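A.B. asks: My structure is in data.cif, and what it holds is mmCIF, N, CA and C atoms:
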```cif
data_protein
#
loop_
_atom_site.label_atom_id
_atom_site.label_comp_id
_atom_site.auth_asym_id
_atom_site.auth_seq_id
_atom_site.Cartn_x
_atom_site.Cartn_y
_atom_site.Cartn_z
N MET A 10 0.85 -1.17 0.00
CA MET A 10 0.00 0.00 0.00
C MET A 10 0.89 1.24 0.00
N LYS A 11 0.56 2.18 -0.82
CA LYS A 11 1.36 3.39 -0.95
C LYS A 11 0.71 4.51 -0.15
N LEU A 12 1.50 5.18 0.67
CA LEU A 12 1.03 6.32 1.45
C LEU A 12 1.48 7.62 0.80
N ASP A 13 0.70 8.67 1.00
CA ASP A 13 1.15 9.99 0.55
C ASP A 13 1.51 10.82 1.78
N VAL A 14 2.14 11.95 1.54
CA VAL A 14 2.64 12.80 2.62
C VAL A 14 1.49 13.30 3.50
N GLU A 15 0.36 13.63 2.88
CA GLU A 15 -0.79 14.14 3.64
C GLU A 15 -1.30 13.10 4.64
N THR A 16 -1.39 11.84 4.21
CA THR A 16 -1.84 10.77 5.10
C THR A 16 -0.82 10.54 6.21
N LEU A 17 0.46 10.59 5.87
CA LEU A 17 1.50 10.44 6.87
C LEU A 17 1.41 11.53 7.93
N GLN A 18 1.19 12.77 7.50
CA GLN A 18 1.07 13.88 8.45
C GLN A 18 -0.15 13.71 9.34
N LYS A 19 -1.25 13.21 8.78
CA LYS A 19 -2.45 12.98 9.57
C LYS A 19 -2.21 11.90 10.62
N ILE A 20 -1.54 10.82 10.22
CA ILE A 20 -1.22 9.74 11.16
C ILE A 20 -0.29 10.26 12.25
N ALA A 21 0.69 11.05 11.86
CA ALA A 21 1.62 11.62 12.84
C ALA A 21 0.89 12.51 13.83
N HIS A 22 -0.05 13.31 13.33
CA HIS A 22 -0.82 14.19 14.21
C HIS A 22 -1.67 13.38 15.19
N LEU A 23 -2.37 12.35 14.68
CA LEU A 23 -3.21 11.54 15.54
C LEU A 23 -2.42 10.77 16.59
N SER A 24 -1.21 10.38 16.25
CA SER A 24 -0.37 9.63 17.19
C SER A 24 0.56 10.54 17.98
N ARG A 25 0.41 11.84 17.79
CA ARG A 25 1.20 12.85 18.51
C ARG A 25 2.70 12.66 18.29
N LEU A 26 3.06 12.41 17.03
CA LEU A 26 4.46 12.27 16.65
C LEU A 26 4.89 13.48 15.85
N GLU A 27 6.13 13.83 15.99
CA GLU A 27 6.69 14.93 15.22
C GLU A 27 7.68 14.34 14.22
N ILE A 28 7.39 14.51 12.93
CA ILE A 28 8.26 13.95 11.88
C ILE A 28 8.93 15.11 11.15
N ASN A 29 10.26 15.10 11.13
CA ASN A 29 11.00 16.13 10.41
C ASN A 29 10.84 15.94 8.91
N GLU A 30 10.99 17.02 8.16
CA GLU A 30 10.85 16.93 6.70
C GLU A 30 11.91 16.01 6.10
N GLU A 31 13.10 16.00 6.68
CA GLU A 31 14.16 15.15 6.13
C GLU A 31 13.90 13.67 6.39
N ASP A 32 13.08 13.35 7.39
CA ASP A 32 12.75 11.96 7.69
C ASP A 32 11.48 11.49 6.99
N THR A 33 10.78 12.39 6.31
CA THR A 33 9.49 12.06 5.70
C THR A 33 9.61 10.94 4.67
N ASP A 34 10.60 11.02 3.78
CA ASP A 34 10.73 10.00 2.74
C ASP A 34 10.98 8.61 3.33
N GLN A 35 11.89 8.55 4.29
CA GLN A 35 12.19 7.26 4.93
C GLN A 35 10.97 6.72 5.67
N MET A 36 10.25 7.61 6.35
CA MET A 36 9.07 7.19 7.10
C MET A 36 7.97 6.69 6.15
N LEU A 37 7.81 7.35 5.00
CA LEU A 37 6.84 6.91 4.00
C LEU A 37 7.17 5.51 3.50
N ARG A 38 8.45 5.27 3.21
CA ARG A 38 8.87 3.95 2.74
C ARG A 38 8.62 2.88 3.81
N ASP A 39 9.01 3.20 5.04
CA ASP A 39 8.87 2.22 6.13
C ASP A 39 7.40 1.89 6.40
N MET A 40 6.57 2.91 6.46
CA MET A 40 5.15 2.67 6.74
C MET A 40 4.47 1.96 5.58
N SER A 41 4.85 2.28 4.35
CA SER A 41 4.30 1.58 3.19
C SER A 41 4.67 0.10 3.23
N ASN A 42 5.92 -0.19 3.61
CA ASN A 42 6.35 -1.59 3.73
C ASN A 42 5.56 -2.32 4.81
N MET A 43 5.32 -1.66 5.94
CA MET A 43 4.55 -2.29 7.02
C MET A 43 3.12 -2.57 6.57
N LEU A 44 2.49 -1.61 5.92
CA LEU A 44 1.12 -1.80 5.46
C LEU A 44 1.02 -2.89 4.40
N THR A 45 2.02 -2.96 3.53
CA THR A 45 2.04 -4.02 2.52
C THR A 45 2.14 -5.39 3.19
N PHE A 46 2.96 -5.48 4.22
CA PHE A 46 3.10 -6.73 4.96
C PHE A 46 1.78 -7.12 5.62
N VAL A 47 1.09 -6.16 6.24
CA VAL A 47 -0.18 -6.45 6.91
C VAL A 47 -1.26 -6.82 5.89
N GLU A 48 -1.22 -6.21 4.70
CA GLU A 48 -2.20 -6.55 3.67
C GLU A 48 -2.09 -8.01 3.22
N LYS A 49 -0.92 -8.60 3.37
CA LYS A 49 -0.74 -10.00 2.99
C LYS A 49 -1.61 -10.92 3.85
N LEU A 50 -2.00 -10.45 5.04
CA LEU A 50 -2.86 -11.27 5.90
C LEU A 50 -4.23 -11.47 5.27
N ASN A 51 -4.63 -10.59 4.37
CA ASN A 51 -5.92 -10.75 3.68
C ASN A 51 -5.91 -11.96 2.74
N GLU A 52 -4.74 -12.44 2.37
CA GLU A 52 -4.63 -13.59 1.47
C GLU A 52 -4.82 -14.91 2.20
N VAL A 53 -4.73 -14.89 3.52
CA VAL A 53 -4.84 -16.11 4.31
C VAL A 53 -6.32 -16.46 4.48
N SER A 54 -6.66 -17.71 4.21
CA SER A 54 -8.04 -18.17 4.36
C SER A 54 -8.31 -18.46 5.83
N THR A 55 -9.33 -17.83 6.38
CA THR A 55 -9.70 -18.05 7.78
C THR A 55 -11.08 -18.70 7.89
N ASP A 56 -11.53 -19.34 6.82
CA ASP A 56 -12.84 -20.01 6.84
C ASP A 56 -12.81 -21.15 7.85
N GLY A 57 -13.83 -21.22 8.68
CA GLY A 57 -13.95 -22.30 9.65
C GLY A 57 -13.08 -22.14 10.88
N ILE A 58 -12.44 -21.00 11.05
CA ILE A 58 -11.58 -20.77 12.21
C ILE A 58 -12.30 -19.79 13.13
N ALA A 59 -12.51 -20.20 14.37
CA ALA A 59 -13.21 -19.34 15.34
C ALA A 59 -12.28 -18.24 15.83
N PRO A 60 -12.82 -17.06 16.07
CA PRO A 60 -11.98 -15.96 16.58
C PRO A 60 -11.44 -16.29 17.97
N LEU A 61 -10.23 -15.82 18.24
CA LEU A 61 -9.61 -16.05 19.54
C LEU A 61 -9.84 -14.85 20.45
N THR A 62 -10.05 -15.13 21.72
CA THR A 62 -10.09 -14.05 22.70
C THR A 62 -8.80 -14.03 23.50
N THR A 63 -8.05 -15.12 23.47
CA THR A 63 -6.77 -15.19 24.17
C THR A 63 -5.89 -16.20 23.45
N MET A 64 -4.60 -16.08 23.61
CA MET A 64 -3.67 -17.00 22.97
C MET A 64 -3.39 -18.22 23.84
N SER A 65 -3.84 -18.20 25.09
CA SER A 65 -3.59 -19.29 26.01
C SER A 65 -4.83 -20.18 26.13
N HIS A 66 -4.62 -21.46 26.26
CA HIS A 66 -5.74 -22.40 26.42
C HIS A 66 -5.94 -22.77 27.88
N GLU A 67 -5.17 -22.14 28.77
CA GLU A 67 -5.30 -22.47 30.19
C GLU A 67 -6.55 -21.81 30.76
N ILE A 68 -7.11 -22.46 31.77
CA ILE A 68 -8.32 -21.97 32.42
C ILE A 68 -7.98 -21.61 33.86
N ASN A 69 -8.46 -20.45 34.30
CA ASN A 69 -8.23 -20.04 35.68
C ASN A 69 -9.09 -20.88 36.63
N ASN A 70 -8.46 -21.36 37.69
CA ASN A 70 -9.20 -22.04 38.74
C ASN A 70 -9.54 -21.00 39.79
N ILE A 71 -10.79 -20.61 39.83
CA ILE A 71 -11.20 -19.55 40.74
C ILE A 71 -11.92 -20.18 41.91
N ARG A 72 -11.46 -19.83 43.12
CA ARG A 72 -12.10 -20.38 44.31
C ARG A 72 -13.33 -19.55 44.65
N GLU A 73 -14.19 -20.12 45.42
CA GLU A 73 -15.38 -19.43 45.89
C GLU A 73 -14.96 -18.33 46.86
N ASP A 74 -15.54 -17.16 46.72
CA ASP A 74 -15.22 -16.04 47.59
C ASP A 74 -16.08 -16.12 48.84
N VAL A 75 -15.44 -16.48 49.96
CA VAL A 75 -16.16 -16.65 51.21
C VAL A 75 -15.60 -15.68 52.23
N ALA A 76 -16.47 -14.91 52.85
CA ALA A 76 -16.04 -13.96 53.88
C ALA A 76 -15.77 -14.70 55.17
N LYS A 77 -14.61 -14.42 55.77
CA LYS A 77 -14.28 -15.02 57.05
C LYS A 77 -13.36 -14.08 57.81
N VAL A 78 -13.29 -14.24 59.11
CA VAL A 78 -12.45 -13.40 59.95
C VAL A 78 -11.21 -14.20 60.31
N ASP A 79 -10.04 -13.73 59.83
CA ASP A 79 -8.79 -14.42 60.15
C ASP A 79 -8.15 -13.86 61.41
N LEU A 80 -8.15 -12.54 61.53
CA LEU A 80 -7.58 -11.88 62.69
C LEU A 80 -8.61 -10.94 63.29
N THR A 81 -8.64 -10.89 64.60
CA THR A 81 -9.56 -9.96 65.24
C THR A 81 -8.93 -8.57 65.25
N HIS A 82 -9.74 -7.59 65.55
CA HIS A 82 -9.29 -6.19 65.62
C HIS A 82 -8.17 -6.05 66.65
N ASP A 83 -8.32 -6.66 67.80
CA ASP A 83 -7.31 -6.56 68.86
C ASP A 83 -6.01 -7.26 68.47
N GLU A 84 -6.10 -8.38 67.77
CA GLU A 84 -4.89 -9.08 67.32
C GLU A 84 -4.09 -8.24 66.34
N VAL A 85 -4.76 -7.57 65.45
CA VAL A 85 -4.08 -6.72 64.47
C VAL A 85 -3.39 -5.56 65.17
N LEU A 86 -4.08 -4.91 66.08
CA LEU A 86 -3.50 -3.75 66.77
C LEU A 86 -2.41 -4.14 67.77
N SER A 87 -2.37 -5.39 68.17
CA SER A 87 -1.38 -5.81 69.17
C SER A 87 0.06 -5.68 68.66
N ASN A 88 0.29 -5.76 67.37
CA ASN A 88 1.64 -5.67 66.82
C ASN A 88 2.00 -4.27 66.32
N ALA A 89 1.09 -3.33 66.46
CA ALA A 89 1.35 -1.98 65.96
C ALA A 89 2.33 -1.26 66.89
N PRO A 90 3.35 -0.57 66.31
CA PRO A 90 4.29 0.17 67.16
C PRO A 90 3.62 1.33 67.90
N LYS A 91 2.66 2.00 67.25
CA LYS A 91 1.91 3.09 67.87
C LYS A 91 0.45 2.89 67.54
N LYS A 92 -0.38 3.07 68.56
CA LYS A 92 -1.81 2.89 68.32
C LYS A 92 -2.60 3.72 69.31
N ASP A 93 -3.81 4.05 68.93
CA ASP A 93 -4.79 4.63 69.83
C ASP A 93 -5.70 3.49 70.27
N LYS A 94 -6.82 3.83 70.79
CA LYS A 94 -7.75 2.81 71.25
C LYS A 94 -8.15 1.84 70.13
N ASP A 95 -8.56 2.41 68.95
CA ASP A 95 -9.05 1.56 67.86
C ASP A 95 -8.28 1.71 66.56
N TYR A 96 -7.24 2.57 66.51
CA TYR A 96 -6.60 2.91 65.23
C TYR A 96 -5.09 2.84 65.32
N PHE A 97 -4.47 2.65 64.16
CA PHE A 97 -3.02 2.77 64.04
C PHE A 97 -2.65 4.24 64.12
N ARG A 98 -1.50 4.57 64.70
CA ARG A 98 -0.99 5.93 64.69
C ARG A 98 0.18 5.95 63.72
N VAL A 99 0.14 6.89 62.79
CA VAL A 99 1.20 7.02 61.78
C VAL A 99 1.65 8.47 61.76
N PRO A 100 2.88 8.73 61.27
CA PRO A 100 3.34 10.10 61.19
C PRO A 100 2.48 10.91 60.22
N LYS A 101 2.32 12.19 60.51
CA LYS A 101 1.53 13.07 59.67
C LYS A 101 2.26 13.26 58.34
N VAL A 102 1.54 13.10 57.24
CA VAL A 102 2.13 13.21 55.91
C VAL A 102 1.71 14.52 55.24
N LEU A 103 0.49 14.92 55.41
CA LEU A 103 -0.02 16.13 54.80
C LEU A 103 -0.28 17.20 55.84
N GLU A 104 -0.13 18.43 55.46
CA GLU A 104 -0.41 19.55 56.37
C GLU A 104 -1.86 19.89 56.34
#
```
When written as structure tokens, how does the structure in this file appear?

C.D. replies:
Amino acid sequence: MKLDVETLQKIAHLSRLEINEEDTDQMLRDMSNMLTFVEKLNEVSTDGIAPLTTMSHEINNIREDVAKVDLTHDEVLSNAPKKDKDYFRVPKVLE
């Protein structure tokens, strides 16, 4: 596929790229080569092939989400270096 300078500038603007005038010719050649390569995918027959949502065939083993209490409030606060009655005490970060 052949690109023109106007299309290249539009693509550069949309992708927030700055292309120097001296690099324009090289960029046109490179992008044309990439598009030509991608166009070759249209030649591949995909009849009877289901679309993929992932490249991996592994399945996640998800456990049931069950609420439970592992540590009590007092047990958690027992290891705190500084604490109030019900809360951790930490150094002030914001004024």

A.B. asks: What parts of chain A does DSSP call helix (DSSP H, G or I)? I'd like the answer as a count of residues only.

C.D. replies: 39

A.B. asks: With distances taken over all atoms listed in the file, which of A:Asn70, A:Thr33, A:Thr81, A:Asn88 is nearest to Val14 (chain A)?

C.D. replies: A:Thr33

A.B. asks: Report the distance between atom N of Asn42 (chain A) and atom N of Thr16 (chain A) in Å, rounded to one decimal place.

C.D. replies: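 So the two atoms, atom N of Asn42 (chain A) and atom N of Thr16 (chain A), lie 14.1 Å apart.
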
A.B. asks: Please compute the CA of Leu37 (chain A)-atom N of Glu52 (chain A) distance, one decimal, in Å.

C.D. replies: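 It comes out at 22.6 Å.
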
A.B. asks: So how many Å separate atom N of Pro90 (chain A) and CA of Val78 (chain A), to one decimal?

C.D. replies: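 These atoms are spaced 21.3 Å apart.
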
A.B. asks: Kindly indicate which residue among A:His66, A:Lys91, A:Arg38, A:Arg25 lies nearest to Leu12 (chain A), using all atoms listed in the file for the distances.

C.D. replies: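 Closest residue, counting all atoms listed in the file: A:Arg38.
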
A.B. asks: Considering only N, CA and C atoms, can you say which of A:Met10, A:Ala59, A:Leu26, A:Ile68 comes closest to Thr45 (chain A)?

C.D. replies: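 The answer is A:Met10, which sits nearest to Thr45 (chain A).
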